[in-house]
Every structure is written in C-alpha cells, then in structure tokens.
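Chemist: Quick one, coords-v7.cif (mmCIF, C-alpha atoms):
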data_start
loop_
_atom_site.label_atom_id
_atom_site.label_comp_id
_atom_site.auth_asym_id
_atom_site.auth_seq_id
_atom_site.Cartn_x
_atom_site.Cartn_y
_atom_site.Cartn_z
CA MET A 1 111.09 -106.81 140.45
CA THR A 2 108.08 -108.96 141.26
CA SER A 3 104.87 -107.35 142.42
CA ASN A 4 105.31 -109.08 145.79
CA THR A 5 108.75 -107.51 146.32
CA TYR A 6 107.44 -104.14 145.14
CA GLY A 7 104.56 -104.39 147.63
CA LEU A 8 106.95 -105.24 150.45
CA ILE A 9 109.26 -102.33 149.62
CA LYS A 10 106.26 -99.98 149.43
CA ALA A 11 104.96 -101.17 152.82
CA ALA A 12 108.43 -100.87 154.38
CA THR A 13 108.90 -97.31 153.10
CA ASN A 14 105.44 -96.43 154.42
CA VAL A 15 106.34 -97.71 157.89
CA ILE A 16 109.77 -95.99 157.87
CA SER A 17 108.20 -92.75 156.65
CA GLY A 18 105.59 -92.94 159.41
CA PHE A 19 108.20 -93.45 162.11
CA SER A 20 110.32 -90.63 160.63
CA MET A 21 107.31 -88.33 160.73
CA ILE A 22 106.63 -89.25 164.37
CA ALA A 23 110.31 -88.62 165.22
CA ILE A 24 110.31 -85.24 163.42
CA ILE A 25 107.13 -84.08 165.17
CA MET A 26 108.34 -85.26 168.61
CA LEU A 27 111.76 -83.63 168.17
CA GLY A 28 110.13 -80.42 166.90
CA VAL A 29 107.74 -80.21 169.86
CA ALA A 30 110.54 -81.04 172.35
CA TYR A 31 112.77 -78.38 170.78
CA MET A 32 110.05 -75.72 170.97
CA SER A 33 109.36 -76.60 174.59
CA PHE A 34 113.09 -76.46 175.42
CA SER A 35 113.70 -73.29 173.43
CA ASN A 36 110.82 -71.36 175.03
CA ALA A 37 111.49 -72.44 178.63
CA PHE A 38 113.11 -70.03 181.05
CA VAL A 39 116.23 -71.24 182.81
CA PHE A 40 114.72 -70.72 186.28
CA GLN A 41 111.07 -71.27 187.08
CA ASP A 42 109.32 -69.80 190.12
CA ALA A 43 112.46 -67.78 190.78
CA LYS A 44 112.86 -65.22 193.53
CA ILE A 45 116.02 -63.23 194.34
CA GLU A 46 116.43 -60.95 197.31
CA ILE A 47 119.17 -59.11 199.14
CA VAL A 48 118.95 -60.35 202.71
CA ASN A 49 121.16 -57.82 204.52
CA ASN A 50 119.53 -54.51 203.58
CA PRO A 51 120.77 -51.93 204.46
CA VAL A 52 124.30 -53.10 203.69
CA GLU A 53 126.61 -51.89 206.41
CA GLN A 54 130.02 -50.37 205.77
CA THR A 55 132.09 -53.50 206.22
CA ARG A 56 129.64 -56.00 204.78
CA ASP A 57 129.19 -57.38 201.29
CA ILE A 58 125.87 -57.56 199.48
CA GLU A 59 124.26 -60.90 200.33
CA PHE A 60 121.95 -62.35 197.75
CA MET A 61 119.53 -65.20 198.29
CA MET A 62 117.73 -67.01 195.55
CA ILE A 63 115.09 -69.69 195.34
CA GLY A 64 113.82 -71.38 192.20
CA TYR A 65 114.30 -74.50 190.17
CA LYS A 66 115.74 -75.28 186.78
CA LYS A 67 113.69 -77.18 184.25
CA HIS A 68 116.67 -78.30 182.20
CA GLU A 69 120.34 -78.97 182.69
CA CYS A 70 121.87 -75.48 182.50
CA ASN A 71 125.36 -74.36 183.38
CA SER A 72 126.08 -70.70 184.01
CA THR A 73 128.84 -69.11 181.95
CA ARG A 74 128.56 -65.58 183.32
CA VAL A 75 126.61 -63.97 186.14
CA TYR A 76 126.62 -60.26 186.80
CA GLY A 77 124.48 -57.53 188.26
CA VAL A 78 123.85 -53.87 187.65
CA ALA A 79 122.71 -51.59 190.45
CA TYR A 80 120.63 -48.67 189.16
CA ALA A 81 120.24 -45.66 191.45
CA GLU A 82 116.63 -45.11 192.49
CA ASP A 83 116.64 -41.64 190.94
CA GLY A 84 118.01 -43.04 187.65
CA SER A 85 121.08 -40.80 187.78
CA HIS A 86 123.77 -43.49 187.68
CA SER A 87 124.49 -47.21 187.85
CA HIS A 88 127.19 -49.55 189.16
CA ASP A 89 128.31 -52.91 187.84
CA LEU A 90 128.29 -55.73 190.38
CA ASP A 91 130.68 -58.41 189.21
CA LEU A 92 133.00 -59.16 192.10
CA PHE A 93 131.91 -62.27 193.95
CA THR A 94 133.15 -62.68 197.52
CA GLN A 95 131.19 -65.88 197.95
CA GLN A 96 130.22 -68.05 195.01
CA TYR A 97 126.81 -69.52 194.33
CA THR A 98 126.23 -73.25 194.05
CA ARG A 99 126.73 -74.31 190.47
CA ASN A 100 125.16 -77.14 188.49
CA VAL A 101 122.06 -77.39 190.64
CA ARG A 102 120.09 -80.46 189.58
CA PRO A 103 117.10 -79.80 187.28
CA GLY A 104 113.70 -79.99 188.94
CA GLU A 105 115.02 -79.51 192.49
CA GLU A 106 114.05 -76.37 194.32
CA MET A 107 117.17 -75.44 196.23
CA PRO A 108 118.04 -72.16 197.95
CA ASN A 109 121.16 -70.60 196.50
CA GLN A 110 123.16 -67.71 197.83
CA TRP A 111 126.13 -65.58 196.90
CA HIS A 112 127.87 -62.47 198.16
CA MET A 113 129.10 -59.57 196.04
CA LYS A 114 131.46 -56.79 196.96
CA VAL A 115 130.02 -53.30 197.15
CA PRO A 116 131.69 -51.37 194.30
CA ASN A 117 134.43 -48.96 195.42
CA ASP A 118 132.72 -46.01 193.75
CA MET A 119 129.48 -46.60 195.67
CA VAL A 120 130.82 -44.43 198.54
CA GLU A 121 127.76 -42.29 199.01
CA GLY A 122 125.46 -45.26 199.48
CA GLY A 123 121.76 -44.92 198.76
CA VAL A 124 118.87 -46.90 197.43
CA TYR A 125 119.36 -48.96 194.27
CA ARG A 126 117.44 -51.39 192.10
CA VAL A 127 119.58 -54.35 191.08
CA SER A 128 119.22 -56.41 187.91
CA MET A 129 120.92 -59.81 188.13
CA THR A 130 121.63 -61.45 184.80
CA GLY A 131 122.84 -64.98 184.15
CA ASP A 132 124.11 -66.37 180.88
CA PHE A 133 123.73 -70.12 180.59
CA VAL A 134 124.38 -73.04 178.29
CA CYS A 135 121.44 -75.42 178.51
CA ASN A 136 121.20 -79.04 177.39
CA TYR A 137 118.16 -81.19 176.84
CA LEU A 138 118.14 -84.50 174.96
CA ILE A 139 120.15 -83.73 171.82
CA PHE A 140 119.66 -79.97 172.03
CA THR A 141 122.08 -77.34 173.27
CA GLN A 142 121.24 -73.67 173.51
CA GLU A 143 122.65 -70.52 175.04
CA LYS A 144 120.14 -68.71 177.22
CA SER A 145 120.07 -65.57 179.29
CA GLN A 146 117.76 -64.68 182.13
CA THR A 147 117.49 -61.42 184.04
CA TYR A 148 115.83 -60.82 187.38
CA ASP A 149 115.04 -57.13 187.83
CA ASN A 150 114.09 -54.79 190.57
CA ILE A 151 115.92 -56.25 193.58
CA LEU A 152 116.00 -53.63 196.30
CA LEU A 153 119.47 -52.68 197.53
CA GLU A 154 120.13 -50.20 200.29
CA VAL A 155 123.75 -49.28 200.93
CA GLU A 156 124.97 -47.26 203.85
CA PRO A 157 127.54 -44.54 203.08
CA ARG A 158 131.14 -45.83 203.30
CA MET B 1 90.37 -84.21 127.34
CA ASP B 2 88.96 -85.82 130.53
CA VAL B 3 90.96 -88.99 130.02
CA ARG B 4 94.20 -87.03 129.68
CA ARG B 5 93.39 -84.97 132.76
CA ASN B 6 92.43 -88.08 134.73
CA GLN B 7 95.78 -89.63 133.83
CA LYS B 8 97.50 -86.43 134.94
CA ILE B 9 95.74 -86.57 138.31
CA ALA B 10 96.68 -90.23 138.72
CA GLN B 11 100.32 -89.29 138.05
CA GLN B 12 100.13 -86.44 140.55
CA VAL B 13 98.72 -88.81 143.20
CA GLU B 14 101.63 -91.19 142.52
CA ARG B 15 104.08 -88.30 142.95
CA TRP B 16 102.47 -87.22 146.22
CA ASP B 17 102.62 -90.82 147.42
CA LEU B 18 106.34 -91.02 146.62
CA TYR B 19 106.98 -87.61 148.20
CA ALA B 20 105.16 -88.60 151.40
CA ARG B 21 107.08 -91.85 151.59
CA LEU B 22 110.58 -90.48 151.01
CA THR B 23 110.71 -86.88 152.28
CA PRO B 24 110.35 -87.42 156.07
CA THR B 25 113.06 -90.08 156.17
CA ILE B 26 115.42 -88.15 153.87
CA PHE B 27 114.88 -84.98 155.90
CA LEU B 28 115.39 -86.74 159.25
CA VAL B 29 118.52 -88.64 158.21
CA GLY B 30 119.96 -85.63 156.33
CA SER B 31 119.35 -83.25 159.22
CA LEU B 32 120.83 -85.63 161.80
CA PHE B 33 123.89 -86.11 159.59
CA LEU B 34 124.38 -82.34 159.18
CA ILE B 35 123.80 -81.72 162.91
CA ILE B 36 126.17 -84.49 164.03
CA PHE B 37 128.94 -83.13 161.79
CA LYS B 38 128.16 -79.61 163.02
CA ILE B 39 127.44 -78.26 159.53
CA ILE B 40 124.15 -76.81 160.79
CA ASP B 41 122.66 -76.47 164.26
CA PHE B 42 119.33 -77.84 165.43
CA GLU B 43 117.67 -74.44 165.17
CA THR B 44 118.44 -74.21 161.43
CA ALA B 45 117.15 -77.74 160.86
CA PHE B 46 114.03 -76.88 162.86
CA TYR B 47 113.24 -73.79 160.79
CA VAL B 48 114.05 -75.54 157.48
CA GLY B 49 111.69 -78.35 158.54
CA LEU B 50 109.01 -75.87 159.59
CA VAL B 51 109.19 -73.99 156.27
CA GLY B 52 109.16 -77.28 154.32
CA PHE B 53 106.21 -78.53 156.32
CA ALA B 54 104.26 -75.28 155.82
CA PHE B 55 105.10 -75.14 152.11
CA THR B 56 104.01 -78.76 151.59
CA ALA B 57 100.80 -78.21 153.56
CA VAL B 58 99.82 -75.15 151.50
CA ILE B 59 100.66 -76.73 148.13
CA TRP B 60 98.86 -79.97 149.07
CA TRP B 61 95.83 -78.08 150.34
CA TRP B 62 95.31 -76.17 147.08
CA TRP B 63 96.05 -79.24 144.99
CA ALA B 64 93.47 -81.23 147.01
CA ILE B 65 90.83 -78.48 146.63
CA PHE B 66 91.26 -78.21 142.86
CA THR B 67 91.38 -81.99 142.42
CA ILE B 68 88.25 -82.56 144.51
CA LYS B 69 86.48 -79.81 142.59
CA TYR B 70 87.43 -81.45 139.30
CA LEU B 71 86.37 -84.91 140.54
CA VAL B 72 82.99 -83.58 141.70
CA ILE B 73 82.43 -81.97 138.28
CA VAL B 74 83.35 -85.27 136.56
CA LEU B 75 81.07 -87.21 138.92
CA ASN B 76 78.13 -84.86 138.27
CA ARG B 77 78.67 -85.01 134.53
CA THR B 78 78.90 -88.79 134.61
CA SER B 79 75.70 -89.08 136.69
CA LYS B 80 73.86 -86.77 134.30
CA ASN B 81 75.10 -88.68 131.27
CA LEU B 82 74.09 -92.00 132.85
CA GLN B 83 70.63 -90.61 133.59
CA ASP B 84 70.28 -89.41 129.99
CA THR B 85 71.44 -92.81 128.73
CA ALA B 86 68.90 -94.59 131.00
CA ILE B 87 66.09 -92.35 129.67
CA GLU B 88 67.18 -92.96 126.08
CA ILE B 89 67.34 -96.73 126.62
CA SER B 90 63.84 -96.70 128.12
CA GLN B 91 62.58 -94.64 125.12
CA ILE B 92 64.23 -97.09 122.71
CA SER B 93 62.60 -100.00 124.57
CA THR B 94 59.20 -98.34 124.24
CA GLU B 95 59.78 -97.75 120.54
CA ILE B 96 60.82 -101.37 120.01
CA GLU B 97 57.71 -102.56 121.88
CA LYS B 98 55.55 -100.36 119.62
CA ILE B 99 57.22 -101.74 116.47
CA LYS B 100 56.70 -105.29 117.75
CA ASP B 101 53.01 -104.56 118.37
CA ASP B 102 52.62 -103.07 114.87
CA ILE B 103 54.13 -106.19 113.30
#
Kindly return the structure encoded in the file as structure tokens.
Modeler:
Amino acid sequence: MTSNTYGLIKAATNVISGFSMIAIIMLGVAYMSFSNAFVFQDAKIEIVNNPVEQTRDIEFMMIGYKKHECNSTRVYGVAYAEDGSHSHDLDLFTQQYTRNVRPGEEMPNQWHMKVPNDMVEGGVYRVSMTGDFVCNYLIFTQEKSQTYDNILLEVEPR
Amino acid sequence: MDVRRNQKIAQQVERWDLYARLTPTIFLVGSLFLIIFKIIDFETAFYVGLVGFAFTAVIWWWWAIFTIKYLVIVLNRTSKNLQDTAIEISQISTEIEKIKDDI
C-alpha cells in the first residue's frame, strides 16, 4: 500500500468516524428526549356533569396535546372513595374518546363511562385515569403509561 | 528507559487513534443491524453505548493525565540537561581561550 493510499484511507475513516459520532450523539439525545417526555403535555381532565344523576353516565372532558405519535392500548379509571374506604374500577366506555389525535395539536377530547353497578350508594370520589400507550418517534418505539389523578367525581345514589 | 517508554507512549497514541477511528462506526453499524433484526431494542443499545462512552472517557482521562505528567517530567529534564550542556560548553570555550592565550 502506497503512503498516498494509506493517507486517503486514514482520512476517509476519520470522516466516517466523525459522522458516526455525530449520528450516535444525535440519536442518543433524541432518544433521551423521547424517553423522558410525557405522553400528554399541559393536560387537564375533568368530569363535566358532577353530580352524576341516576340515569346519566360519567362524562369526562380532556384537553392537552401529544408531543409524539402515541396510540392508546388501554385506558381505565379507578374511583377512590373520599374517605379511602373503597374503590371502583371504571372500565366500561359508553362513548369512546377520539383516538390517534395528531401530535402537537391541542384538541378537546371527551368520553363517557358507565357508573359501576356496585356504586349504588353514590358519594364523593377521586378518580385516577390511566392510559397505556405505544409511542413512536423517528426510529424509536416505546410503551408509556400516564396517570391523571384527583379528578373529582360526585355520584348521586341510584 | 526513556526511549522505551517514549516508544510505548507512541504505540498507545496509535492505538487510541485506531480506536477513535473504528469504534463509533462499528458501534453504530452493529447496533443498527441488531436493532433492525430485533436482537436488541434501542434502549439496550443506548445503555451499552452510554457505558462504553463513559468507560472510554474515564480510561482516556487517566491515560492523558499520566502521559502529560510523564511528558512534562521529560521536558523539564531535557531543559535542565540542555542548560547544563550550554554551561559546560561555555566553560570549555573559556578554557580553550585561556589555553590559546597561554600558547
């Protein structure tokens, strides 16, 4: 191998190594940013028909935006009695929420859930809504979960 | 002793040079290959890269400190020796001048 060829190979490997380093750092930073981001930013969830009357379902309203492309795989709620004595699972949707909301767009979303059959006595509850998501960004895919706590729910006796 | 150690340092610099030139590309291509074929996920590659990066940084840092320390010692010794040699040469010159005058 002539010294000229050796010099060329050395220069080429230097350039390739430099670009590889830049790619590694950029991918690493992008991954950290993606991994640490919450699914919903500036999120707010409320029950808009408190107190829930006998014949009505629980009506949720949400506002917030997604930073990345995330698709929900499971959404459920748990209503904790104000006195901490018991809880009820909320997992029966009577009206679905809008799925696959575009990232970066702040769009109001709403859904209705049936009052559980064993919630006959009514009362004041604090609801935790949890969503499990699969998020995509560039070449990354990650499962994420986000919970919104402390949503006031008042249910009239049935 | 110094010559052998200097050669050793030159070899180590060559090895670092080769390592810096090959490792990022090998790691990037290898990781992408393993991720594409779903052998590992991106998170694993990220943490392997992070550990490798940290390990390299620490090793390089200590190597650089010890090498610089050694080079400074060699430089000081060389300066001192050169100074001594300059003084000796000037003394020899004076002696030669004296001998010339005596003749």
Chemist: Quick one: which residues from chain B are at most 9 Å off chain A, using all atoms listed in the file, as a list in words?
Modeler: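 Matching residues, ligands excluded from the count: Ala20, Arg21, Leu22, Thr23, Pro24, Thr25, Ile26, Phe27, Leu28, Val29, Phe42, Glu43, Phe46, Gly49 and Leu50 of chain B.
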Chemist: Please provide as a list in words all residues within 8 Å of Asp42 (chain A), with the sequence filter that same-chain residues fewer than 6 positions apart are discarded (counting all atoms listed in the file).
Modeler: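 The contact residues come out as Ile63, Gly64 and Tyr65 of chain A.
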Chemist: Would you output that residue set with C-alpha atoms, as a CSV table (one decimal), in the coordinates of the input?
Modeler:
chain,number,residue,atom,x,y,z
A,63,ILE,CA,115.1,-69.7,195.3
A,64,GLY,CA,113.8,-71.4,192.2
A,65,TYR,CA,114.3,-74.5,190.2
Chemist: Mind checking which residues fall within 8 Å of region 121-125 of chain A, counting all atoms listed in the file, ignoring those fewer than 2 positions away in the same chain, and posting them as a PDB file with C-alpha atoms, in the frame of the given file?
Modeler:
ATOM      1  CA  ALA A  79     122.710 -51.590 190.450  1.00  0.00           C
ATOM      2  CA  TYR A  80     120.630 -48.670 189.160  1.00  0.00           C
ATOM      3  CA  ALA A  81     120.240 -45.660 191.450  1.00  0.00           C
ATOM      4  CA  GLU A  82     116.630 -45.110 192.490  1.00  0.00           C
ATOM      5  CA  MET A 119     129.480 -46.600 195.670  1.00  0.00           C
ATOM      6  CA  VAL A 127     119.580 -54.350 191.080  1.00  0.00           C
ATOM      7  CA  LEU A 152     116.000 -53.630 196.300  1.00  0.00           C
ATOM      8  CA  LEU A 153     119.470 -52.680 197.530  1.00  0.00           C
ATOM      9  CA  GLU A 154     120.130 -50.200 200.290  1.00  0.00           C
ATOM     10  CA  VAL A 155     123.750 -49.280 200.930  1.00  0.00           C
ATOM     11  CA  GLU A 156     124.970 -47.260 203.850  1.00  0.00           C
ATOM     12  CA  PRO A 157     127.540 -44.540 203.080  1.00  0.00           C
ATOM     13  CA  ARG A 158     131.140 -45.830 203.300  1.00  0.00           C
TER      14      ARG A 158
END
Chemist: Evaluating the PyMOL selection byres ((chain A and resi 102) around 9) on the displayed file yields which residues, as a PyMOL selection string?
Modeler: chain A and resi 65-70+100-101+103-107
Chemist: A:Ala30, A:Val120, A:Thr130, A:Tyr6: which is nearest Thr55 (chain A), counting all atoms listed in the file?
Modeler: A:Val120
Chemist: Name the closest residue to Trp60 (chain B) among the candidates B:Val13, B:Ile89, B:Val3, B:Ala45; distances are taken between atoms, counting all atoms listed in the file.
Modeler: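 Closest candidate: B:Val13.
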Chemist: Given the file shown, determine the residues that the PyMOL selection byres ((chain A and resi 93) around 9) selects; report them as number ranges by chain.
Modeler: A: 90-92, 94-97, 111-114
Chemist: For the PyMOL selection byres ((chain A and resi 145) around 9), applied here, can you spell out every residue it catches as a PDB file with C-alpha atoms, keeping the file's coordinate frame?
Modeler:
ATOM      1  CA  PHE A  38     113.110 -70.030 181.050  1.00  0.00           C
ATOM      2  CA  VAL A  39     116.230 -71.240 182.810  1.00  0.00           C
ATOM      3  CA  THR A 130     121.630 -61.450 184.800  1.00  0.00           C
ATOM      4  CA  GLY A 131     122.840 -64.980 184.150  1.00  0.00           C
ATOM      5  CA  ASP A 132     124.110 -66.370 180.880  1.00  0.00           C
ATOM      6  CA  PHE A 133     123.730 -70.120 180.590  1.00  0.00           C
ATOM      7  CA  VAL A 134     124.380 -73.040 178.290  1.00  0.00           C
ATOM      8  CA  GLU A 143     122.650 -70.520 175.040  1.00  0.00           C
ATOM      9  CA  LYS A 144     120.140 -68.710 177.220  1.00  0.00           C
ATOM     10  CA  GLN A 146     117.760 -64.680 182.130  1.00  0.00           C
ATOM     11  CA  THR A 147     117.490 -61.420 184.040  1.00  0.00           C
TER      12      THR A 147
END
Chemist: Figure out the distance between CA of Ala43 (chain A) and CA of Pro108 (chain A), please, to one decimal in Å.
Modeler: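 About the pair CA of Pro108 (chain A) and CA of Ala43 (chain A): they are 10.1 Å apart.
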